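**Student:** First the structure, then my questions, so here it is.
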Amino acid sequence: MPGIYVHIPFCKKACHYCDFHFSTSLQYADEMVNAICKEILMKKDRITGSLDSVYFGGGTPSILSLQALQKIFDTIDKAFSVNQDAEITIEANPDDLTAAKLHELKQLPVNRFSIGIQSFYEEDLIWMNRAHNANEAESCIKRSQDAGFENLSIDLIYGFPLLTDEKWLNNIAKAITLQVPHISAYALTVEPRTALAHAIKNKHQTPVSDQQSAGQFELLMAKLETAGFEHYEISNFAIPGHYAVHNTNYWRGIPYLGIGPSAHGFDGRNRFMNPANNAAYLNSLSHDKLPEVIEELTNNDRFNEYMMTSLRTMWGIDLEKIRSDFGEMFYEETIKNINSLNNDGWLLKSEKKIKLSADGKLFADHIASSLFIVDNLN
């Protein structure tokens with residue numbers, strides 16, 4: 001079933017490592033909400049069937065008022081049919097999830113939070129320039145659960161200079177103790193044009209260590225497996241039955257709409273990309289024009305995306321799907337590339353599936369790119 005991603009481009013402050021599209025000014029929040037609603041209505045004919053998921057990302061969607069969020073939900077209900085058991089997620093920062101805010105969110109269809117914890121240590125949060133503190137990191141989870149929001153996911157970050165292995169193990173243990181059913185964990189990546197990249201370039205910060213990141217990723221896999229989590233995607237771990245529906249649909253190539261500035265959509269054949277510019281987005285919609293660029297994907301593009309996304313999951317590459325969706329030549333080329341790959345135990349092979357081993361997960365992107373098809377096989 002299809003889904004909708006809604007990008008809310010506002011944050012209280014800029015984290016030093018973040019390169020997502022956002023503004024720290026809420027001056028045009030009302031105009032943005034109106035434009036998002038207009039885009040939803042203009043795209044209402046692009047979805048057939050009921051929605052399986054609605055995901056509010058950002059930015060920080062929890063920064064919006066109840067009235068603003070309700071307006072967007074009302075517009076979604078007007079434009080589409082939403083399954084009764086659809087997963088409806090909102091990304092939230094810990095400092096936003098006060099008792100009053102949780103009371104407001106209970107009035108909305110939201111049934112899942114994705115909370116940007118990042119670390120339970122005060123010094124780490126200060127180093128990242130996060131808006132919340134260590135006490136809020138823990139208390140917001142307990143408050144959310146007490147308010148009836150038990151379907152929670154939290155984000156954690158590893159591989160940054162302040163994070164010792166001991167602290168990382170304590171962060172993992174804290175998440176397990178708090179009975180969070182879904183954990184997304186990301187190695188810190190130094191993105192261009194971020195405050196962190198500038199600080200490292202000017203030798204004001206210690207560079208990120210690939211060796212540290214790899215070691216802490218291995219600790220993460222071992223600890224969460226012991227705690228009963230399934231490693232169902234490279235960066236995502238869940239207690240059985242708590243996989244993220246929305247993100248899993250991304251990895252399985254299921255179509256979705258992208259709404260809001262910088263949002264991307266996919267219809268099964270093409271990608272639709274909105275500008276990462278609030279003014280350009282608002283201006284386009286004010287003239288009744290969709291602010292999107294359309295990228296027509298070739299068979300090779302779609303195949304390579306399938307290899308990249310499916311190999312990252314516990315379901316792996318389905319060889320029969322390659323044969324049925326892309327043709328015999330793609331299937332034969334895939335078998336040849338797999339057999340020629342010096343995988344050092346990186347791949348788990350069967351007649352129908354190719355999956356990454358635990359060691360292979362350390363080299364997922366490299367392995368996937370080795371299986372890409374560049375030449376035209378049509």
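Residues in the structure tokens are numbered from 1 in each chain, the chains being A, B, ... in the order shown, and ligands are numbered from 1 in the order shown.
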Neighbouring residues of Ser262 of chain A were defined as those with any atom within 7 Å, considering only C-alpha atoms; residues of the same chain fewer than 5 positions away were excluded. Please report them as a PDB file with all heavy atoms, in the first residue's frame.

**Tutor:**
```pdb
ATOM      1  N   HIS A  21      17.055  19.710   5.260  1.00  0.00           N
ATOM      2  CA  HIS A  21      16.522  21.050   4.956  1.00  0.00           C
ATOM      3  C   HIS A  21      15.592  21.523   6.069  1.00  0.00           C
ATOM      4  O   HIS A  21      14.617  20.846   6.400  1.00  0.00           O
ATOM      5  CB  HIS A  21      15.755  21.024   3.627  1.00  0.00           C
ATOM      6  CG  HIS A  21      15.050  22.308   3.356  1.00  0.00           C
ATOM      7  ND1 HIS A  21      15.725  23.496   3.153  1.00  0.00           N
ATOM      8  CD2 HIS A  21      13.727  22.624   3.293  1.00  0.00           C
ATOM      9  CE1 HIS A  21      14.854  24.469   2.971  1.00  0.00           C
ATOM     10  NE2 HIS A  21      13.639  23.973   3.055  1.00  0.00           N
ATOM     11  N   MET A 273      10.958  15.391  -7.089  1.00  0.00           N
ATOM     12  CA  MET A 273      11.790  16.058  -6.090  1.00  0.00           C
ATOM     13  C   MET A 273      11.399  17.523  -5.946  1.00  0.00           C
ATOM     14  O   MET A 273      11.452  18.282  -6.923  1.00  0.00           O
ATOM     15  CB  MET A 273      13.263  15.945  -6.490  1.00  0.00           C
ATOM     16  CG  MET A 273      13.749  14.500  -6.572  1.00  0.00           C
ATOM     17  SD  MET A 273      15.358  14.319  -7.388  1.00  0.00           S
ATOM     18  CE  MET A 273      14.885  14.596  -9.094  1.00  0.00           C
ATOM     19  N   ASN A 274      10.988  17.900  -4.750  1.00  0.00           N
ATOM     20  CA  ASN A 274      10.673  19.300  -4.458  1.00  0.00           C
ATOM     21  C   ASN A 274      11.942  20.064  -4.096  1.00  0.00           C
ATOM     22  O   ASN A 274      12.888  19.478  -3.552  1.00  0.00           O
ATOM     23  CB  ASN A 274       9.677  19.389  -3.303  1.00  0.00           C
ATOM     24  CG  ASN A 274       8.275  18.996  -3.707  1.00  0.00           C
ATOM     25  OD1 ASN A 274       7.967  18.891  -4.893  1.00  0.00           O
ATOM     26  ND2 ASN A 274       7.411  18.772  -2.723  1.00  0.00           N
ATOM     27  N   PRO A 275      11.982  21.363  -4.346  1.00  0.00           N
ATOM     28  CA  PRO A 275      13.193  22.137  -4.045  1.00  0.00           C
ATOM     29  C   PRO A 275      13.432  22.257  -2.543  1.00  0.00           C
ATOM     30  O   PRO A 275      12.485  22.396  -1.761  1.00  0.00           O
ATOM     31  CB  PRO A 275      12.890  23.509  -4.659  1.00  0.00           C
ATOM     32  CG  PRO A 275      11.401  23.605  -4.637  1.00  0.00           C
ATOM     33  CD  PRO A 275      10.907  22.208  -4.897  1.00  0.00           C
ATOM     34  N   ALA A 276      14.691  22.209  -2.160  1.00  0.00           N
ATOM     35  CA  ALA A 276      15.068  22.403  -0.759  1.00  0.00           C
ATOM     36  C   ALA A 276      15.231  23.893  -0.495  1.00  0.00           C
ATOM     37  O   ALA A 276      16.296  24.378  -0.099  1.00  0.00           O
ATOM     38  CB  ALA A 276      16.354  21.644  -0.450  1.00  0.00           C
TER      39      ALA A 276
END
```

**Student:** Compile the contact shell of Lys353 of chain A as a compact mmCIF listing (two decimals) with C-alpha atoms, in the first residue's frame: residues with an atom at most 6 Å away, counting only C-alpha atoms, same-chain residues fewer than 3 positions apart removed.

**Tutor:**
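The new file result00.txt reads:
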```
# COMPACT_ATOMS: atom_id res chain seq x y z
CA ILE A 317 18.03 -9.57 -2.80
CA ASP A 318 15.30 -11.71 -4.33
CA LEU A 319 16.81 -13.32 -7.42
CA SER A 350 20.88 -19.44 -1.39
```

**Student:** Distance table requested - segment 207-314 of chain A against segment 56-79 of chain A, cut-off 12 Å, only C-alpha atoms: one row per qualifying residue with the closest atom pair and its distance in Å to one decimal, ordered by chain and rising residue number, as JSON lines.

**Tutor:**
```
{"residue": "A:His246", "atom": "CA", "partner": "A:Phe56", "partner_atom": "CA", "distance": 10.5}
{"residue": "A:Asn247", "atom": "CA", "partner": "A:Gly57", "partner_atom": "CA", "distance": 11.7}
{"residue": "A:Leu257", "atom": "CA", "partner": "A:Ile76", "partner_atom": "CA", "distance": 11.5}
{"residue": "A:Gly258", "atom": "CA", "partner": "A:Phe56", "partner_atom": "CA", "distance": 10.3}
{"residue": "A:Ile259", "atom": "CA", "partner": "A:Phe56", "partner_atom": "CA", "distance": 9.5}
{"residue": "A:Gly260", "atom": "CA", "partner": "A:Gly58", "partner_atom": "CA", "distance": 9.4}
{"residue": "A:Pro261", "atom": "CA", "partner": "A:Gly58", "partner_atom": "CA", "distance": 9.6}
{"residue": "A:Ser262", "atom": "CA", "partner": "A:Gly58", "partner_atom": "CA", "distance": 9.4}
{"residue": "A:Ala263", "atom": "CA", "partner": "A:Gly58", "partner_atom": "CA", "distance": 9.3}
{"residue": "A:His264", "atom": "CA", "partner": "A:Gly57", "partner_atom": "CA", "distance": 11.8}
{"residue": "A:Ala276", "atom": "CA", "partner": "A:Gly58", "partner_atom": "CA", "distance": 11.6}
```

**Student:** Go ahead and save the picked residues with all heavy atoms, as an mmCIF file, in the first residue's frame.

**Tutor:**
```cif
data_model
loop_
_atom_site.group_PDB
_atom_site.id
_atom_site.type_symbol
_atom_site.label_atom_id
_atom_site.label_comp_id
_atom_site.auth_asym_id
_atom_site.auth_seq_id
_atom_site.Cartn_x
_atom_site.Cartn_y
_atom_site.Cartn_z
ATOM 1 N N HIS A 246 6.409 2.521 7.177
ATOM 2 C CA HIS A 246 6.710 3.537 6.165
ATOM 3 C C HIS A 246 8.095 3.319 5.558
ATOM 4 O O HIS A 246 8.250 3.269 4.331
ATOM 5 C CB HIS A 246 6.614 4.931 6.782
ATOM 6 C CG HIS A 246 6.648 6.031 5.765
ATOM 7 N ND1 HIS A 246 5.538 6.428 5.050
ATOM 8 C CD2 HIS A 246 7.670 6.808 5.323
ATOM 9 C CE1 HIS A 246 5.867 7.402 4.217
ATOM 10 N NE2 HIS A 246 7.156 7.649 4.369
ATOM 11 N N ASN A 247 9.101 3.193 6.381
ATOM 12 C CA ASN A 247 10.459 3.035 5.878
ATOM 13 C C ASN A 247 10.653 1.697 5.179
ATOM 14 O O ASN A 247 11.390 1.602 4.197
ATOM 15 C CB ASN A 247 11.473 3.206 7.010
ATOM 16 C CG ASN A 247 11.563 4.641 7.489
ATOM 17 O OD1 ASN A 247 10.961 5.530 6.886
ATOM 18 N ND2 ASN A 247 12.278 4.871 8.566
ATOM 19 N N LEU A 257 3.999 9.431 -1.876
ATOM 20 C CA LEU A 257 4.023 10.852 -2.208
ATOM 21 C C LEU A 257 4.995 11.578 -1.285
ATOM 22 O O LEU A 257 5.061 11.290 -0.089
ATOM 23 C CB LEU A 257 2.635 11.474 -2.030
ATOM 24 C CG LEU A 257 1.535 11.111 -3.032
ATOM 25 C CD1 LEU A 257 0.267 11.899 -2.694
ATOM 26 C CD2 LEU A 257 1.973 11.391 -4.457
ATOM 27 N N GLY A 258 5.711 12.536 -1.836
ATOM 28 C CA GLY A 258 6.548 13.414 -1.039
ATOM 29 C C GLY A 258 5.938 14.805 -1.029
ATOM 30 O O GLY A 258 5.718 15.398 -2.094
ATOM 31 N N ILE A 259 5.658 15.316 0.155
ATOM 32 C CA ILE A 259 4.986 16.612 0.310
ATOM 33 C C ILE A 259 5.870 17.539 1.137
ATOM 34 O O ILE A 259 6.413 17.136 2.160
ATOM 35 C CB ILE A 259 3.619 16.443 1.020
ATOM 36 C CG1 ILE A 259 2.718 15.447 0.280
ATOM 37 C CG2 ILE A 259 2.944 17.797 1.194
ATOM 38 C CD1 ILE A 259 2.238 15.904 -1.077
ATOM 39 N N GLY A 260 5.984 18.791 0.703
ATOM 40 C CA GLY A 260 6.768 19.768 1.452
ATOM 41 C C GLY A 260 8.106 20.045 0.793
ATOM 42 O O GLY A 260 8.580 19.278 -0.056
ATOM 43 N N PRO A 261 8.765 21.147 1.166
ATOM 44 C CA PRO A 261 10.060 21.487 0.580
ATOM 45 C C PRO A 261 11.102 20.421 0.863
ATOM 46 O O PRO A 261 11.187 19.901 1.969
ATOM 47 C CB PRO A 261 10.418 22.819 1.249
ATOM 48 C CG PRO A 261 9.576 22.882 2.468
ATOM 49 C CD PRO A 261 8.322 22.126 2.167
ATOM 50 N N SER A 262 11.851 20.058 -0.166
ATOM 51 C CA SER A 262 12.920 19.040 -0.157
ATOM 52 C C SER A 262 12.400 17.613 -0.161
ATOM 53 O O SER A 262 13.187 16.668 -0.219
ATOM 54 C CB SER A 262 13.887 19.223 1.023
ATOM 55 O OG SER A 262 13.387 18.657 2.228
ATOM 56 N N ALA A 263 11.088 17.406 -0.115
ATOM 57 C CA ALA A 263 10.536 16.049 -0.093
ATOM 58 C C ALA A 263 10.663 15.390 -1.458
ATOM 59 O O ALA A 263 10.583 16.041 -2.497
ATOM 60 C CB ALA A 263 9.066 16.085 0.334
ATOM 61 N N HIS A 264 10.861 14.071 -1.431
ATOM 62 C CA HIS A 264 10.917 13.269 -2.644
ATOM 63 C C HIS A 264 9.747 12.299 -2.662
ATOM 64 O O HIS A 264 9.308 11.825 -1.611
ATOM 65 C CB HIS A 264 12.222 12.465 -2.712
ATOM 66 C CG HIS A 264 13.426 13.292 -2.988
ATOM 67 N ND1 HIS A 264 14.620 12.758 -3.400
ATOM 68 C CD2 HIS A 264 13.638 14.631 -2.906
ATOM 69 C CE1 HIS A 264 15.516 13.722 -3.570
ATOM 70 N NE2 HIS A 264 14.942 14.872 -3.261
ATOM 71 N N ALA A 276 14.691 22.209 -2.160
ATOM 72 C CA ALA A 276 15.068 22.403 -0.759
ATOM 73 C C ALA A 276 15.231 23.893 -0.495
ATOM 74 O O ALA A 276 16.296 24.378 -0.099
ATOM 75 C CB ALA A 276 16.354 21.644 -0.450
#
```

**Student:** Between A:Asn278, A:Ala29, A:Lys352, A:Asn337, which one has atoms that come closest to Arg323 of chain A, using only C-alpha atoms?

**Tutor:** A:Lys352

**Student:** Residues at most 8 Å from Asn129 of chain A, counting only C-alpha atoms, excluding those fewer than 6 positions away in the same chain, as a PyMOL selection string?

**Tutor:** chain A and resi 13-16

**Student:** Considering only C-alpha atoms, return as a PyMOL selection string whatever protein or nucleic-acid residues lie within 10 Å of segment 222-225 of chain A, sequence-local ones (same chain, fewer than 5 positions apart) excluded.

**Tutor:** chain A and resi 169+172-173+175-176+183+216-217+230-231+237-239+358

**Student:** Restricted to C-alpha atoms, what would the selected residues look like written as an mmCIF file, in the first residue's frame?

**Tutor:**
```
data_model
loop_
_atom_site.group_PDB
_atom_site.id
_atom_site.type_symbol
_atom_site.label_atom_id
_atom_site.label_comp_id
_atom_site.auth_asym_id
_atom_site.auth_seq_id
_atom_site.Cartn_x
_atom_site.Cartn_y
_atom_site.Cartn_z
ATOM 1 C CA LEU A 169 27.000 0.444 25.585
ATOM 2 C CA ILE A 172 22.105 0.934 24.165
ATOM 3 C CA ALA A 173 21.353 -0.526 27.604
ATOM 4 C CA ALA A 175 17.137 2.122 25.363
ATOM 5 C CA ILE A 176 16.595 -1.568 26.142
ATOM 6 C CA ILE A 183 15.883 1.774 17.465
ATOM 7 C CA GLN A 216 30.601 0.546 17.826
ATOM 8 C CA PHE A 217 28.372 -0.790 15.050
ATOM 9 C CA GLU A 230 15.871 -8.059 14.761
ATOM 10 C CA HIS A 231 18.378 -6.228 12.589
ATOM 11 C CA PHE A 237 16.480 -2.679 14.779
ATOM 12 C CA ALA A 238 13.073 -3.743 16.059
ATOM 13 C CA ILE A 239 11.366 -6.099 18.416
ATOM 14 C CA ALA A 358 27.203 -9.670 10.002
#
```

**Student:** Distance table requested - segment 222-297 of chain A against segment 33-48 of chain A, cut-off 12 Å, only C-alpha atoms: one row per qualifying residue with the closest atom pair and its distance in Å to one decimal, ordered by chain and rising residue number, as JSON lines.

**Tutor:**
```
{"residue": "A:Ile254", "atom": "CA", "partner": "A:Ile47", "partner_atom": "CA", "distance": 11.6}
{"residue": "A:Pro255", "atom": "CA", "partner": "A:Ile47", "partner_atom": "CA", "distance": 8.6}
{"residue": "A:Tyr256", "atom": "CA", "partner": "A:Ile47", "partner_atom": "CA", "distance": 8.0}
{"residue": "A:Leu257", "atom": "CA", "partner": "A:Ile47", "partner_atom": "CA", "distance": 7.9}
{"residue": "A:Gly258", "atom": "CA", "partner": "A:Ile40", "partner_atom": "CA", "distance": 9.1}
{"residue": "A:Ile259", "atom": "CA", "partner": "A:Ile36", "partner_atom": "CA", "distance": 6.5}
{"residue": "A:Gly260", "atom": "CA", "partner": "A:Ile36", "partner_atom": "CA", "distance": 5.6}
{"residue": "A:Pro261", "atom": "CA", "partner": "A:Ile36", "partner_atom": "CA", "distance": 8.6}
{"residue": "A:Ser262", "atom": "CA", "partner": "A:Ile36", "partner_atom": "CA", "distance": 11.9}
{"residue": "A:Ala263", "atom": "CA", "partner": "A:Ile36", "partner_atom": "CA", "distance": 10.9}
{"residue": "A:Gly265", "atom": "CA", "partner": "A:Arg46", "partner_atom": "CA", "distance": 10.6}
{"residue": "A:Phe266", "atom": "CA", "partner": "A:Arg46", "partner_atom": "CA", "distance": 10.3}
{"residue": "A:Asp267", "atom": "CA", "partner": "A:Arg46", "partner_atom": "CA", "distance": 8.2}
{"residue": "A:Gly268", "atom": "CA", "partner": "A:Arg46", "partner_atom": "CA", "distance": 11.6}
{"residue": "A:Phe272", "atom": "CA", "partner": "A:Lys43", "partner_atom": "CA", "distance": 11.5}
{"residue": "A:Asn274", "atom": "CA", "partner": "A:Glu39", "partner_atom": "CA", "distance": 10.7}
{"residue": "A:Asn278", "atom": "CA", "partner": "A:Ala35", "partner_atom": "CA", "distance": 10.3}
{"residue": "A:Ala279", "atom": "CA", "partner": "A:Ala35", "partner_atom": "CA", "distance": 11.0}
{"residue": "A:Ala280", "atom": "CA", "partner": "A:Ala35", "partner_atom": "CA", "distance": 11.4}
{"residue": "A:Tyr281", "atom": "CA", "partner": "A:Ala35", "partner_atom": "CA", "distance": 8.1}
{"residue": "A:Leu282", "atom": "CA", "partner": "A:Ala35", "partner_atom": "CA", "distance": 6.3}
{"residue": "A:Asn283", "atom": "CA", "partner": "A:Ala35", "partner_atom": "CA", "distance": 9.2}
{"residue": "A:Ser284", "atom": "CA", "partner": "A:Ala35", "partner_atom": "CA", "distance": 9.3}
{"residue": "A:Leu285", "atom": "CA", "partner": "A:Ala35", "partner_atom": "CA", "distance": 6.2}
{"residue": "A:Ser286", "atom": "CA", "partner": "A:Ala35", "partner_atom": "CA", "distance": 7.6}
{"residue": "A:His287", "atom": "CA", "partner": "A:Ala35", "partner_atom": "CA", "distance": 10.7}
{"residue": "A:Asp288", "atom": "CA", "partner": "A:Lys38", "partner_atom": "CA", "distance": 8.5}
{"residue": "A:Lys289", "atom": "CA", "partner": "A:Glu39", "partner_atom": "CA", "distance": 8.9}
{"residue": "A:Leu290", "atom": "CA", "partner": "A:Glu39", "partner_atom": "CA", "distance": 6.9}
{"residue": "A:Pro291", "atom": "CA", "partner": "A:Glu39", "partner_atom": "CA", "distance": 8.8}
{"residue": "A:Glu292", "atom": "CA", "partner": "A:Glu39", "partner_atom": "CA", "distance": 10.5}
```

**Student:** Could you list, as a list in words, every residue within 8 Å of Phe22 of chain A, counting only C-alpha atoms and ignoring same-chain residues fewer than 2 positions away?

**Tutor:** Ile8, Pro9, Phe10, Cys11, Phe20, Thr24, Gly58 and Gly59 of chain A

**Student:** Could those selected residues go to a file with N, CA and C atoms, as a PDB file, in the first residue's frame?

**Tutor:**
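The result, stored in selection.pdb:
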```pdb
ATOM      1  N   ILE A   8       8.276  18.807   7.267  1.00  0.00           N
ATOM      2  CA  ILE A   8       8.040  20.051   8.016  1.00  0.00           C
ATOM      3  C   ILE A   8       9.401  20.727   8.214  1.00  0.00           C
ATOM      4  N   PRO A   9       9.671  21.843   7.515  1.00  0.00           N
ATOM      5  CA  PRO A   9      11.043  22.375   7.450  1.00  0.00           C
ATOM      6  C   PRO A   9      11.380  23.396   8.534  1.00  0.00           C
ATOM      7  N   PHE A  10      11.073  23.058   9.792  1.00  0.00           N
ATOM      8  CA  PHE A  10      11.366  23.987  10.890  1.00  0.00           C
ATOM      9  C   PHE A  10      12.035  23.254  12.054  1.00  0.00           C
ATOM     10  N   CYS A  11      12.997  23.897  12.675  1.00  0.00           N
ATOM     11  CA  CYS A  11      13.656  23.393  13.890  1.00  0.00           C
ATOM     12  C   CYS A  11      13.915  24.561  14.837  1.00  0.00           C
ATOM     13  N   PHE A  20      19.945  18.192   6.794  1.00  0.00           N
ATOM     14  CA  PHE A  20      18.577  18.156   6.291  1.00  0.00           C
ATOM     15  C   PHE A  20      18.082  19.585   6.072  1.00  0.00           C
ATOM     16  N   THR A  24      15.291  27.774  11.117  1.00  0.00           N
ATOM     17  CA  THR A  24      15.086  27.981  12.557  1.00  0.00           C
ATOM     18  C   THR A  24      14.109  29.125  12.820  1.00  0.00           C
ATOM     19  N   GLY A  58      11.283  15.848   9.092  1.00  0.00           N
ATOM     20  CA  GLY A  58      11.765  17.223   9.033  1.00  0.00           C
ATOM     21  C   GLY A  58      13.269  17.329   9.115  1.00  0.00           C
ATOM     22  N   GLY A  59      13.716  18.507   9.601  1.00  0.00           N
ATOM     23  CA  GLY A  59      12.986  19.385  10.454  1.00  0.00           C
ATOM     24  C   GLY A  59      12.466  18.707  11.725  1.00  0.00           C
TER      25      GLY A  59
END
```

**Student:** Any idea what the distance is between atom CA of Tyr306 of chain A and atom CA of Met329 of chain A?

**Tutor:**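 Result for atom CA of Tyr306 of chain A versus atom CA of Met329 of chain A: 15.7 Å, one decimal.
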
**Student:** Would you compute the distance between atom CA of Leu102 of chain A and atom CA of Ile126 of chain A? Give it in Å to one decimal.

**Tutor:** 25.0 Å

**Student:** From the DSSP assignment of the backbone, select every residue of segment 294-367 of chain A that is strand (DSSP E), and format the answer as a PyMOL selection string.

**Tutor:** chain A and resi 294-296+317-318+347-349+353-356

**Student:** Could you check the closest approach to Ala134 of chain A for each of A:Gly116, A:Gln27, A:Leu348, A:Gly148 and tell me which residue wins, using only C-alpha atoms?

**Tutor:**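 For Ala134 of chain A, the nearest of the given residues is A:Gly116.
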
**Student:** Calculated over only C-alpha atoms, which of the candidates A:Asn170, A:Ser25, A:Gln118, A:Gln211 has the smallest distance to Asn93 of chain A?

**Tutor:**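 Closest candidate: A:Gln118.
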
**Student:** I need the residue nearest Glu218 of chain A from this list: A:Gln145, A:Thr313, A:Asn270, A:Ser235. Use only C-alpha atoms for the distance.

**Tutor:**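 Looking at the shortest contact to Glu218 of chain A, the residue is A:Ser235.
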
**Student:** Set the distance at 10 Å and use only C-alpha atoms: which residues neighbour Leu163 of chain A once local chain neighbours fewer than 4 positions away are removed? I'd like the list as a list in words.

**Tutor:** Ser119, Tyr121, Glu123, Asp124, Ile157, Tyr158, Gly159, Lys167, Trp168, Leu169, Asn171, Gln212, Ser213 and Gln216 of chain A

**Student:** I need the residues of segment 117-178 of chain A that end up classed as helix (DSSP H, G or I) by DSSP on the backbone, written out as a PyMOL selection string.

**Tutor:** chain A and resi 122-128+134-146+165-177

**Student:** For the residues in the current selection, export C-alpha atoms as a PDB file, in the first residue's frame.

**Tutor:**
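And here is the file that came out, selection25.pdb:
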```pdb
ATOM      1  CA  GLU A 122      24.557  15.706  28.558  1.00  0.00           C
ATOM      2  CA  GLU A 123      28.041  16.422  27.175  1.00  0.00           C
ATOM      3  CA  ASP A 124      27.205  14.624  23.930  1.00  0.00           C
ATOM      4  CA  LEU A 125      24.010  16.625  23.441  1.00  0.00           C
ATOM      5  CA  ILE A 126      25.857  19.893  24.061  1.00  0.00           C
ATOM      6  CA  TRP A 127      28.563  18.847  21.574  1.00  0.00           C
ATOM      7  CA  MET A 128      25.867  18.123  18.962  1.00  0.00           C
ATOM      8  CA  ALA A 134      19.881  14.383  29.069  1.00  0.00           C
ATOM      9  CA  ASN A 135      17.009  14.453  31.548  1.00  0.00           C
ATOM     10  CA  GLU A 136      14.524  15.228  28.760  1.00  0.00           C
ATOM     11  CA  ALA A 137      15.993  12.415  26.666  1.00  0.00           C
ATOM     12  CA  GLU A 138      14.902   9.841  29.232  1.00  0.00           C
ATOM     13  CA  SER A 139      11.798  11.502  30.682  1.00  0.00           C
ATOM     14  CA  CYS A 140      10.123  12.073  27.289  1.00  0.00           C
ATOM     15  CA  ILE A 141      10.121   8.327  26.609  1.00  0.00           C
ATOM     16  CA  LYS A 142       8.495   7.551  29.954  1.00  0.00           C
ATOM     17  CA  ARG A 143       5.953  10.365  29.512  1.00  0.00           C
ATOM     18  CA  SER A 144       5.064   9.155  26.032  1.00  0.00           C
ATOM     19  CA  GLN A 145       4.535   5.611  27.258  1.00  0.00           C
ATOM     20  CA  ASP A 146       2.444   6.811  30.205  1.00  0.00           C
ATOM     21  CA  ASP A 165      32.585   2.315  23.931  1.00  0.00           C
ATOM     22  CA  GLU A 166      31.450   2.330  27.560  1.00  0.00           C
ATOM     23  CA  LYS A 167      29.124   5.274  26.970  1.00  0.00           C
ATOM     24  CA  TRP A 168      27.799   3.689  23.788  1.00  0.00           C
ATOM     25  CA  LEU A 169      27.000   0.444  25.585  1.00  0.00           C
ATOM     26  CA  ASN A 170      25.238   2.450  28.288  1.00  0.00           C
ATOM     27  CA  ASN A 171      23.144   4.272  25.664  1.00  0.00           C
ATOM     28  CA  ILE A 172      22.105   0.934  24.165  1.00  0.00           C
ATOM     29  CA  ALA A 173      21.353  -0.526  27.604  1.00  0.00           C
ATOM     30  CA  LYS A 174      19.260   2.532  28.503  1.00  0.00           C
ATOM     31  CA  ALA A 175      17.137   2.122  25.363  1.00  0.00           C
ATOM     32  CA  ILE A 176      16.595  -1.568  26.142  1.00  0.00           C
ATOM     33  CA  THR A 177      15.703  -0.834  29.778  1.00  0.00           C
TER      34      THR A 177
END
```
